[in-house]
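Coordinates from upload-v8.txt are shown below (compact mmCIF, C-alpha atoms and all ligand atoms).
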```txt
# COMPACT_ATOMS: atom_id res chain seq x y z
CA MET A 1 0.00 0.00 0.00
CA SER A 2 1.34 3.43 -0.95
CA THR A 3 2.52 5.63 1.91
CA THR A 4 1.99 8.82 -0.06
CA MET A 5 -1.18 10.60 -1.11
CA SER A 6 -2.39 13.35 -3.42
CA VAL A 7 -3.20 16.58 -1.62
CA ILE A 8 -3.89 20.20 -2.51
CA ARG A 9 -1.49 22.70 -0.91
CA VAL A 10 -1.38 26.50 -0.90
CA TYR A 11 1.97 28.29 -0.40
CA ARG A 12 0.85 31.93 -0.48
CA TYR A 13 -2.27 34.08 -0.73
CA GLY A 14 -3.51 34.54 -4.29
CA GLY A 15 -5.83 33.33 -7.06
CA PRO A 16 -7.09 29.80 -7.78
CA GLU A 17 -3.73 28.99 -9.44
CA GLU A 18 -2.25 28.86 -5.92
CA LEU A 19 -4.01 25.49 -5.38
CA LYS A 20 -1.20 22.99 -6.12
CA LEU A 21 -1.71 19.23 -6.43
CA GLU A 22 1.19 17.46 -4.67
CA GLN A 23 2.27 14.14 -3.23
CA GLN A 24 2.74 14.07 0.54
CA PRO A 25 3.19 11.33 3.15
CA ARG A 26 -0.04 9.87 4.45
CA PRO A 27 -0.84 11.07 7.99
CA GLU A 28 -0.94 8.68 10.98
CA PRO A 29 -3.89 8.84 13.40
CA GLN A 30 -2.90 9.97 16.89
CA GLU A 31 -4.67 9.36 20.23
CA GLY A 32 -8.43 9.83 19.75
CA GLU A 33 -8.16 10.28 15.99
CA VAL A 34 -9.30 8.30 12.96
CA LEU A 35 -7.56 7.98 9.59
CA LEU A 36 -10.11 8.70 6.87
CA ARG A 37 -9.83 7.72 3.22
CA VAL A 38 -11.52 10.77 1.74
CA GLN A 39 -14.12 10.09 -0.95
CA ALA A 40 -15.52 13.60 -1.31
CA ALA A 41 -14.82 17.07 0.08
CA GLY A 42 -17.24 20.00 0.07
CA VAL A 43 -16.05 23.34 -1.33
CA ASN A 44 -17.20 26.26 0.82
CA PRO A 45 -16.91 29.94 -0.21
CA LEU A 46 -14.82 30.62 2.92
CA GLU A 47 -12.07 28.47 1.39
CA TRP A 48 -11.52 30.78 -1.59
CA LYS A 49 -11.81 33.80 0.70
CA ILE A 50 -9.05 32.37 2.92
CA ARG A 51 -6.95 31.48 -0.15
CA GLN A 52 -7.18 35.04 -1.41
CA GLY A 53 -6.17 36.45 1.98
CA LEU A 54 -9.57 38.08 2.54
CA ALA A 55 -9.93 36.42 5.95
CA LYS A 56 -6.34 36.83 7.17
CA ASP A 57 -7.22 39.27 9.96
CA PHE A 58 -9.52 36.83 11.71
CA MET A 59 -8.46 33.44 10.26
CA PRO A 60 -4.72 33.60 9.59
CA VAL A 61 -3.11 30.47 8.07
CA THR A 62 0.33 28.93 8.34
CA PHE A 63 1.77 28.16 4.89
CA PRO A 64 1.75 25.73 3.27
CA TYR A 65 -1.74 24.65 4.17
CA THR A 66 -4.42 22.37 2.72
CA PRO A 67 -7.93 23.86 2.34
CA GLY A 68 -11.14 22.06 3.14
CA ASP A 69 -13.58 21.47 5.99
CA ASP A 70 -16.50 19.31 4.76
CA VAL A 71 -15.66 15.66 4.20
CA ALA A 72 -17.09 12.19 3.64
CA GLY A 73 -15.07 9.01 3.46
CA ILE A 74 -14.23 5.58 4.83
CA ILE A 75 -12.48 4.91 8.14
CA GLU A 76 -9.15 3.34 7.26
CA GLY A 77 -7.42 3.35 10.65
CA LEU A 78 -8.01 4.07 14.34
CA GLY A 79 -5.69 5.91 16.68
CA PRO A 80 -5.18 4.73 20.28
CA GLY A 81 -8.32 5.00 22.40
CA VAL A 82 -10.87 5.18 19.57
CA THR A 83 -13.76 2.79 20.22
CA SER A 84 -16.67 4.66 18.60
CA PHE A 85 -15.90 3.55 15.02
CA GLU A 86 -14.66 0.50 13.13
CA VAL A 87 -12.39 0.33 10.13
CA GLY A 88 -14.48 0.25 6.95
CA GLN A 89 -17.36 2.42 8.19
CA ALA A 90 -18.54 5.28 5.96
CA VAL A 91 -18.78 8.62 7.73
CA LEU A 92 -19.22 12.34 7.19
CA GLY A 93 -18.07 15.31 9.21
CA ARG A 94 -15.69 18.23 9.42
CA GLY A 95 -11.91 18.10 9.24
CA ASN A 96 -8.97 20.40 8.73
CA GLY A 97 -7.53 20.23 5.21
CA THR A 98 -9.96 17.88 3.51
CA TYR A 99 -8.79 18.50 -0.11
CA ALA A 100 -6.68 15.34 0.23
CA GLU A 101 -6.83 11.59 -0.28
CA TYR A 102 -6.41 10.96 3.46
CA ILE A 103 -6.92 13.02 6.58
CA THR A 104 -6.69 12.42 10.30
CA ALA A 105 -9.21 14.07 12.62
CA PRO A 106 -10.72 13.53 16.08
CA ALA A 107 -13.23 10.67 16.03
CA GLU A 108 -15.92 12.93 17.50
CA ALA A 109 -15.86 15.03 14.32
CA PHE A 110 -17.74 12.28 12.48
CA VAL A 111 -21.14 10.61 12.27
CA LEU A 112 -22.13 7.56 10.24
CA LYS A 113 -23.13 8.30 6.64
CA PRO A 114 -26.78 7.50 5.82
CA ALA A 115 -26.68 4.50 3.49
CA ALA A 116 -28.98 6.19 0.96
CA LEU A 117 -26.54 9.05 0.36
CA SER A 118 -23.60 9.07 -2.02
CA PHE A 119 -20.28 10.29 -0.64
CA ALA A 120 -20.66 13.51 -2.65
CA GLU A 121 -24.07 14.12 -1.09
CA ALA A 122 -22.69 13.36 2.36
CA ALA A 123 -19.80 15.81 1.90
CA SER A 124 -22.26 18.56 0.98
CA ILE A 125 -23.87 18.50 4.43
CA PRO A 126 -21.68 19.43 7.42
CA VAL A 127 -20.84 23.16 7.12
CA GLY A 128 -24.12 24.01 5.39
CA VAL A 129 -26.39 22.32 7.89
CA THR A 130 -24.40 23.45 10.95
CA THR A 131 -24.43 27.07 9.77
CA ALA A 132 -28.14 27.02 8.97
CA TRP A 133 -28.95 25.42 12.34
CA ARG A 134 -26.87 27.91 14.34
CA GLY A 135 -28.22 30.92 12.45
CA LEU A 136 -31.86 29.86 12.69
CA PHE A 137 -32.08 28.12 16.05
CA ASP A 138 -29.08 28.79 18.32
CA GLU A 139 -28.72 32.51 17.49
CA GLY A 140 -32.01 33.29 15.70
CA GLU A 141 -34.20 31.42 18.26
CA LEU A 142 -36.71 30.75 15.49
CA GLU A 143 -40.11 29.54 16.70
CA ALA A 144 -43.07 27.88 14.99
CA GLY A 145 -45.36 30.44 13.37
CA GLN A 146 -42.65 33.08 12.91
CA ARG A 147 -41.76 34.56 9.54
CA VAL A 148 -38.21 34.05 8.32
CA LEU A 149 -36.40 35.40 5.26
CA ILE A 150 -33.51 33.34 3.85
CA GLN A 151 -31.25 35.45 1.62
CA GLY A 152 -29.34 33.13 -0.73
CA ALA A 153 -31.86 30.30 -0.35
CA ALA A 154 -30.48 28.16 -3.20
CA GLY A 155 -26.92 27.99 -1.82
CA GLY A 156 -25.15 25.33 0.20
CA VAL A 157 -26.33 26.91 3.47
CA GLY A 158 -29.63 28.35 2.25
CA LEU A 159 -31.03 25.05 0.99
CA PHE A 160 -30.76 23.57 4.48
CA ALA A 161 -32.03 26.78 6.11
CA VAL A 162 -35.25 26.72 4.06
CA GLN A 163 -35.95 23.10 4.99
CA LEU A 164 -34.99 23.41 8.67
CA ALA A 165 -37.12 26.53 9.10
CA LYS A 166 -40.12 24.72 7.52
CA TRP A 167 -39.49 21.70 9.75
CA LYS A 168 -39.62 24.06 12.74
CA GLY A 169 -43.03 25.33 11.59
CA ALA A 170 -42.02 28.80 10.40
CA TYR A 171 -43.38 30.71 7.39
CA VAL A 172 -40.41 30.70 5.01
CA ILE A 173 -39.52 33.25 2.34
CA GLY A 174 -36.43 32.64 0.21
CA THR A 175 -34.54 34.75 -2.31
CA ALA A 176 -32.90 33.38 -5.46
CA SER A 177 -32.29 34.21 -9.12
CA THR A 178 -34.82 33.20 -11.78
CA ALA A 179 -33.10 29.89 -12.56
CA ASN A 180 -33.34 28.74 -8.93
CA LEU A 181 -36.89 29.79 -8.01
CA GLU A 182 -38.41 26.36 -8.63
CA PHE A 183 -35.59 24.67 -6.73
CA VAL A 184 -36.22 26.83 -3.64
CA ARG A 185 -39.96 26.15 -3.88
CA SER A 186 -39.22 22.43 -4.04
CA LEU A 187 -37.42 22.75 -0.69
CA GLY A 188 -40.70 23.88 0.85
CA ALA A 189 -40.45 27.69 0.83
CA ASP A 190 -43.84 29.39 1.17
CA GLU A 191 -42.70 32.32 -0.99
CA VAL A 192 -39.72 32.81 -3.27
CA VAL A 193 -38.58 36.26 -4.40
CA ASP A 194 -36.59 36.64 -7.62
CA TYR A 195 -33.94 39.14 -6.57
CA THR A 196 -33.03 39.80 -10.20
CA THR A 197 -36.46 41.32 -10.94
CA THR A 198 -37.88 42.42 -7.58
CA PRO A 199 -36.36 44.47 -4.74
CA VAL A 200 -36.85 42.10 -1.81
CA GLU A 201 -37.87 44.84 0.64
CA SER A 202 -40.69 45.92 -1.73
CA VAL A 203 -42.54 42.63 -1.24
CA VAL A 204 -41.30 41.25 2.09
CA LYS A 205 -42.09 42.98 5.39
CA ASP A 206 -42.40 42.28 9.10
CA VAL A 207 -40.22 39.22 9.29
CA ASP A 208 -39.05 37.96 12.68
CA LEU A 209 -35.69 36.65 11.48
CA VAL A 210 -33.41 37.08 8.47
CA LEU A 211 -30.71 34.55 7.70
CA GLU A 212 -28.47 36.87 5.68
CA GLY A 213 -26.46 34.49 3.49
CA VAL A 214 -25.30 36.86 0.75
CA GLY A 215 -23.41 39.77 2.31
CA GLU A 216 -23.05 43.51 2.03
CA ARG A 217 -25.01 43.66 -1.26
CA THR A 218 -28.22 42.53 0.43
CA MET A 219 -27.70 43.73 4.01
CA ARG A 220 -29.74 46.90 3.51
CA SER A 221 -32.75 45.02 2.10
CA SER A 222 -32.43 42.41 4.85
CA LEU A 223 -32.66 45.05 7.58
CA ALA A 224 -35.58 46.75 5.83
CA THR A 225 -37.67 43.56 5.87
CA LEU A 226 -37.39 43.03 9.64
CA LYS A 227 -39.99 44.08 12.16
CA PRO A 228 -38.80 46.07 15.20
CA GLY A 229 -37.41 43.58 17.71
CA GLY A 230 -36.54 41.13 14.92
CA LYS A 231 -33.25 39.26 14.58
CA LEU A 232 -30.63 39.12 11.87
CA SER A 233 -28.16 36.21 11.61
CA SER A 234 -25.45 37.28 9.22
CA LEU A 235 -23.18 34.73 7.57
CA ALA A 236 -21.04 36.65 5.12
CA ALA A 237 -20.64 40.26 6.30
CA LEU A 238 -20.51 42.17 9.57
CA PRO A 239 -23.96 43.64 10.11
CA PRO A 240 -24.21 47.42 10.78
CA LEU A 241 -24.83 47.11 14.51
CA GLU A 242 -25.70 50.74 15.28
CA GLN A 243 -28.19 50.92 12.43
CA ALA A 244 -29.75 47.65 13.58
CA GLN A 245 -29.92 48.73 17.23
CA ALA A 246 -31.61 51.98 16.24
CA ARG A 247 -34.49 49.86 14.88
CA GLY A 248 -34.48 47.47 17.83
CA ILE A 249 -33.02 44.67 15.73
CA GLN A 250 -30.61 42.14 17.23
CA ALA A 251 -27.97 41.54 14.58
CA LYS A 252 -25.22 38.97 14.95
CA MET A 253 -22.42 37.53 12.85
CA ILE A 254 -22.63 33.73 12.91
CA ALA A 255 -19.59 31.54 13.51
CA ALA A 256 -20.57 28.01 12.60
CA HIS A 257 -18.16 26.01 14.76
CA PRO A 258 -18.38 22.25 14.25
CA SER A 259 -21.07 20.48 16.24
CA ARG A 260 -21.51 16.72 16.33
CA SER A 261 -24.96 17.05 17.92
CA ILE A 262 -26.24 19.25 15.06
CA LEU A 263 -24.75 16.84 12.53
CA GLN A 264 -26.38 13.90 14.28
CA ALA A 265 -29.76 15.66 14.33
CA ALA A 266 -29.45 16.53 10.63
CA VAL A 267 -28.54 12.96 9.68
CA GLN A 268 -31.59 11.71 11.56
CA LEU A 269 -33.82 14.13 9.60
CA ILE A 270 -32.21 12.93 6.36
CA GLU A 271 -32.84 9.29 7.31
CA GLU A 272 -36.47 10.15 8.04
CA TRP A 273 -36.68 11.76 4.55
CA ARG A 274 -37.44 15.15 6.12
CA LEU A 275 -34.27 16.86 4.88
CA LYS A 276 -32.98 16.73 1.30
CA VAL A 277 -29.41 17.31 0.20
CA SER A 278 -28.28 18.86 -3.08
CA VAL A 279 -24.90 18.69 -4.77
CA GLY A 280 -24.45 21.54 -7.22
CA LYS A 281 -21.43 20.63 -9.28
CA THR A 282 -18.61 18.13 -8.83
CA PHE A 283 -14.94 18.32 -9.81
CA PRO A 284 -12.10 15.80 -9.38
CA LEU A 285 -9.55 16.68 -6.67
CA ALA A 286 -7.02 17.59 -9.36
CA GLU A 287 -9.43 20.32 -10.54
CA ALA A 288 -9.70 22.10 -7.20
CA ARG A 289 -8.68 25.24 -9.04
CA GLN A 290 -11.69 25.03 -11.37
CA ALA A 291 -13.92 24.26 -8.37
CA HIS A 292 -12.76 27.47 -6.66
CA GLU A 293 -13.26 29.47 -9.85
CA TYR A 294 -16.80 28.13 -10.04
CA SER A 295 -17.57 28.77 -6.34
CA GLN A 296 -16.18 32.28 -6.61
CA ARG A 297 -18.89 33.26 -9.10
CA GLY A 298 -21.29 33.26 -6.15
CA HIS A 299 -24.20 31.71 -8.05
CA GLY A 300 -25.70 28.27 -8.53
CA ARG A 301 -27.56 25.78 -6.38
CA GLY A 302 -26.33 23.29 -3.83
CA ARG A 303 -22.80 22.63 -2.63
CA VAL A 304 -19.79 22.32 -4.95
CA VAL A 305 -18.01 19.04 -4.17
CA LEU A 306 -14.57 17.60 -4.97
CA LEU A 307 -14.54 13.87 -5.77
CA VAL A 308 -11.40 12.28 -4.41
N1 LIG B 1 -20.26 32.61 9.20
C1 LIG B 1 -20.13 31.32 8.94
O1 LIG B 1 -19.80 30.51 9.81
C2 LIG B 1 -20.40 30.82 7.56
C3 LIG B 1 -20.55 29.45 7.30
C4 LIG B 1 -20.86 29.05 6.00
C5 LIG B 1 -20.98 29.97 4.98
N2 LIG B 1 -20.77 31.30 5.26
C6 LIG B 1 -20.91 32.31 4.19
O2 LIG B 1 -22.27 32.35 3.81
C7 LIG B 1 -22.37 32.65 2.41
C8 LIG B 1 -23.24 31.62 1.73
O3 LIG B 1 -22.57 30.37 1.79
P1 LIG B 1 -23.02 29.16 0.87
O4 LIG B 1 -22.14 28.05 1.18
O5 LIG B 1 -24.48 28.96 0.94
O6 LIG B 1 -22.67 29.77 -0.60
P2 LIG B 1 -23.01 29.18 -2.03
O7 LIG B 1 -23.32 27.73 -1.93
O8 LIG B 1 -21.95 29.65 -2.94
O9 LIG B 1 -24.40 29.89 -2.42
C9 LIG B 1 -24.48 31.22 -2.69
C10 LIG B 1 -25.94 31.48 -3.12
O10 LIG B 1 -26.19 32.88 -3.08
C11 LIG B 1 -27.16 33.17 -4.07
N3 LIG B 1 -27.09 34.59 -4.36
C12 LIG B 1 -26.11 35.30 -4.95
N4 LIG B 1 -26.44 36.62 -4.99
C13 LIG B 1 -27.66 36.72 -4.40
C14 LIG B 1 -28.53 37.81 -4.10
N5 LIG B 1 -28.21 39.07 -4.43
N6 LIG B 1 -29.69 37.56 -3.45
C15 LIG B 1 -30.02 36.30 -3.10
N7 LIG B 1 -29.25 35.22 -3.35
C16 LIG B 1 -28.07 35.44 -3.99
C17 LIG B 1 -26.82 32.26 -5.23
O11 LIG B 1 -28.01 31.94 -5.89
P3 LIG B 1 -28.32 32.39 -7.39
O12 LIG B 1 -27.53 31.48 -8.28
O13 LIG B 1 -29.78 32.18 -7.51
O14 LIG B 1 -27.85 33.82 -7.52
C18 LIG B 1 -26.25 31.01 -4.54
O15 LIG B 1 -27.20 29.99 -4.47
C19 LIG B 1 -20.93 32.70 1.88
O16 LIG B 1 -20.51 34.04 1.83
C20 LIG B 1 -20.13 31.95 2.92
O17 LIG B 1 -18.78 32.36 3.00
C21 LIG B 1 -20.49 31.74 6.50
```
Represent the structure contained in this file as C-alpha cells.
Ligand SMILES: NC(=O)c1ccc[n+]([C@@H]2O[C@H](COP(=O)([O-])OP(=O)(O)OC[C@H]3O[C@@H](n4cnc5c(N)ncnc54)[C@H](OP(=O)(O)O)[C@@H]3O)[C@@H](O)[C@H]2O)c1
Amino acid sequence: MSTTMSVIRVYRYGGPEELKLEQQPRPEPQEGEVLLRVQAAGVNPLEWKIRQGLAKDFMPVTFPYTPGDDVAGIIEGLGPGVTSFEVGQAVLGRGNGTYAEYITAPAEAFVLKPAALSFAEAASIPVGVTTAWRGLFDEGELEAGQRVLIQGAAGGVGLFAVQLAKWKGAYVIGTASTANLEFVRSLGADEVVDYTTTPVESVVKDVDLVLEGVGERTMRSSLATLKPGGKLSSLAALPPLEQAQARGIQAKMIAAHPSRSILQAAVQLIEEWRLKVSVGKTFPLAEARQAHEYSQRGHGRGRVVLLV
C-alpha cells in the first residue's frame, strides 16, 4: 500500500492557481483520531476567501496549508483510544484540510453516513447544515409560526435553512435568481422572491428573522424587511450594529463552529426523509482550481463538491 497521497497545498495568498496538487506522506492517526480515506470534500466559499487572503485578519493560516472542511469518506485506521468507530465504516463530518486523499481528525468530528446518500451528497452536508442550524435556532431562536427570510436560499447553506425553518413550523420566504426559483420552492419555501427582478424589501415585510447568506449587497434590504425587535443572523458580512440597534433589531455575525450534535440531528432528519441534500457541481480533486473558480462566481444551487 502506498505511503503517499495526493493533496492540494497552498503556499501563499492569491488566485485559484495557488491550489497545487502534490504528493505528501499519508498522515498517521494519533490518540483519539481516525484515519479517513476521503471520498468527497465540500467546497465552501470561505475556502476561496481564505486562499485570497480576505480572511487573514480573523483566520490567519500557516503556509503551506491544505484547504477544506466538509468531508465524507471511509475509516481506514483508528488511533489509540478510539472505540466509537470501526475500520471500513462510511462517515461524514468536518476536518482540517480535507482537499486530500487521506486526513486524520478527532473521532468525534464524524457521524455515520446515511446509506442512501452518495459520498458527494454526504460531503455537501456538514458546514451548510451546521451554519443554517446555528443561524436559525441557536442565534435566531426561530419559533413555529414566525416569519423568516432566507437570503441566498439556493446555496449550500440556504437550501438547508429553508428546509430546517419549515421543519420548525415557520413561514419561510427565500430569495434566489430566476433559474433557482423552482428549486427553492421544491425545498418547501412558502414564498420565493426573484432578486433579479424584484427588490426584496418591496414585497417582504415584518419578518421575525433574516438569515443573511449573501453579504453587504443585500444587508440593507435584509434590515428593511425586519420588524422592530426582529433578529438578523449574518453569515457573510458584519452587520451594521448601530443601524440595527436603532431599529431594535438584534444583529449577529454567525460563527458556525463544528457540532456533532447538530450533525447527528441533521442525519436523523435525512434518514427520516425530512431533509434533502443537493450537490451543485462536482470536480475531481485535481481540478480544485476550477472548483474554486466556479464557487467564486457566487451563483448556482447546492454545494460544490470535490470527488477524491
Ligand atoms: N459565518 C459562517 O460561519 C459561515 C458558514 C458558511 C458559509 N458562510 C458564508 O455564507 C455565504 C453563503 O454560503 P453558501 O455556502 O451557501 O454559498 P453558495 O453555496 O456559494 O451559495 C451562494 C448562493 O447565493 C445566491 N445569491 C447570490 N447573490 C444573491 C442575491 N443578491 N440575493 C439572493 N441570493 C443570492 C446564489 O443563488 P443564485 O444562483 O440564484 O444567484 C447562490 O445559491 C458565503 O458568503 C459563505 O462564505 C459563513
Could you build a table of the residues in region 91-159 of chain A lying no more than 8 Å from region 56-68 of chain A, giving for each the nearest pair of atoms and their separation in Å rounded to one decimal place, using all atoms listed in the file, ordered by chain and ascending residue number, as CSV?
```
residue,atom,partner,partner_atom,distance
A:Gly95,CA,A:Gly68,CA,7.3
A:Asn96,CA,A:Gly68,CA,6.2
A:Gly97,CA,A:Thr66,CA,4.5
A:Thr98,CA,A:Gly68,CA,4.4
A:Tyr99,CA,A:Gly68,CA,5.4
A:Ala100,CA,A:Thr66,CA,7.8
```
### Query
Hey, what's within 6 Å of Val210 (chain A) if we count all atoms listed in the file and toss same-chain stuff fewer than 4 positions away? As a VMD selection string, please?
chain A and resid 148 to 150 232
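Here the question is which of A:Gly302, A:Gly248, A:Gly174, A:Pro80 gets nearest to Gln30 (chain A) using all atoms listed in the file, and that residue is A:Pro80.
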### For region 244-247 of chain A: contacts at 12 Å, only C-alpha atoms, fewer than 4 positions along chain excluded, given as a ChimeraX atom specification
/A:219-220,222-233,238-240,251-252
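The shortest atom-to-atom distance to ligand LIG 1 (chain B), with only C-alpha atoms and all ligand atoms taken into account, belongs to A:Val43 out of A:Leu187, A:Val43, A:Leu241, A:Leu136.
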Give, as lines of an AutoDock Vina configuration file, the centre coordinates and the x, y and z edge lengths in Å to one decimal for an axis-aligned box around all listed atoms of ligand LIG 1 (chain B), padded by 6 Å on each side.
```
center_x = -24.4
center_y = 33.4
center_z = 0.8
size_x = 23.2
size_y = 23.3
size_z = 30.1
```
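Proximity ranking of A:Tyr11, A:Arg94, A:Val277, A:His299 relative to Ser124 (chain A) places A:Val277 first, based on all atoms listed in the file.
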### Message
Residues within 12 Å of Lys168 (chain A), please, as number ranges by chain. Count all atoms listed in the file; anything in the same chain fewer than 2 positions from it doesn't count.
### Response
A: 133, 136-137, 141-148, 161-166, 170-172, 188, 269, 274-275
### Task
Determine, counting only C-alpha atoms, which protein, DNA and RNA residues have an atom within 6 Å of an atom of Val91 (chain A); residues of the same chain fewer than 5 positions away are not included. Present the result as a ChimeraX atom specification.
/A:72-73,111-113
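When only C-alpha atoms and all ligand atoms are used to measure the gap to ligand LIG 1 (chain B), the shortest distance among A:Thr4, A:Ser177, A:Ser186, A:Gln23 belongs to A:Ser177.
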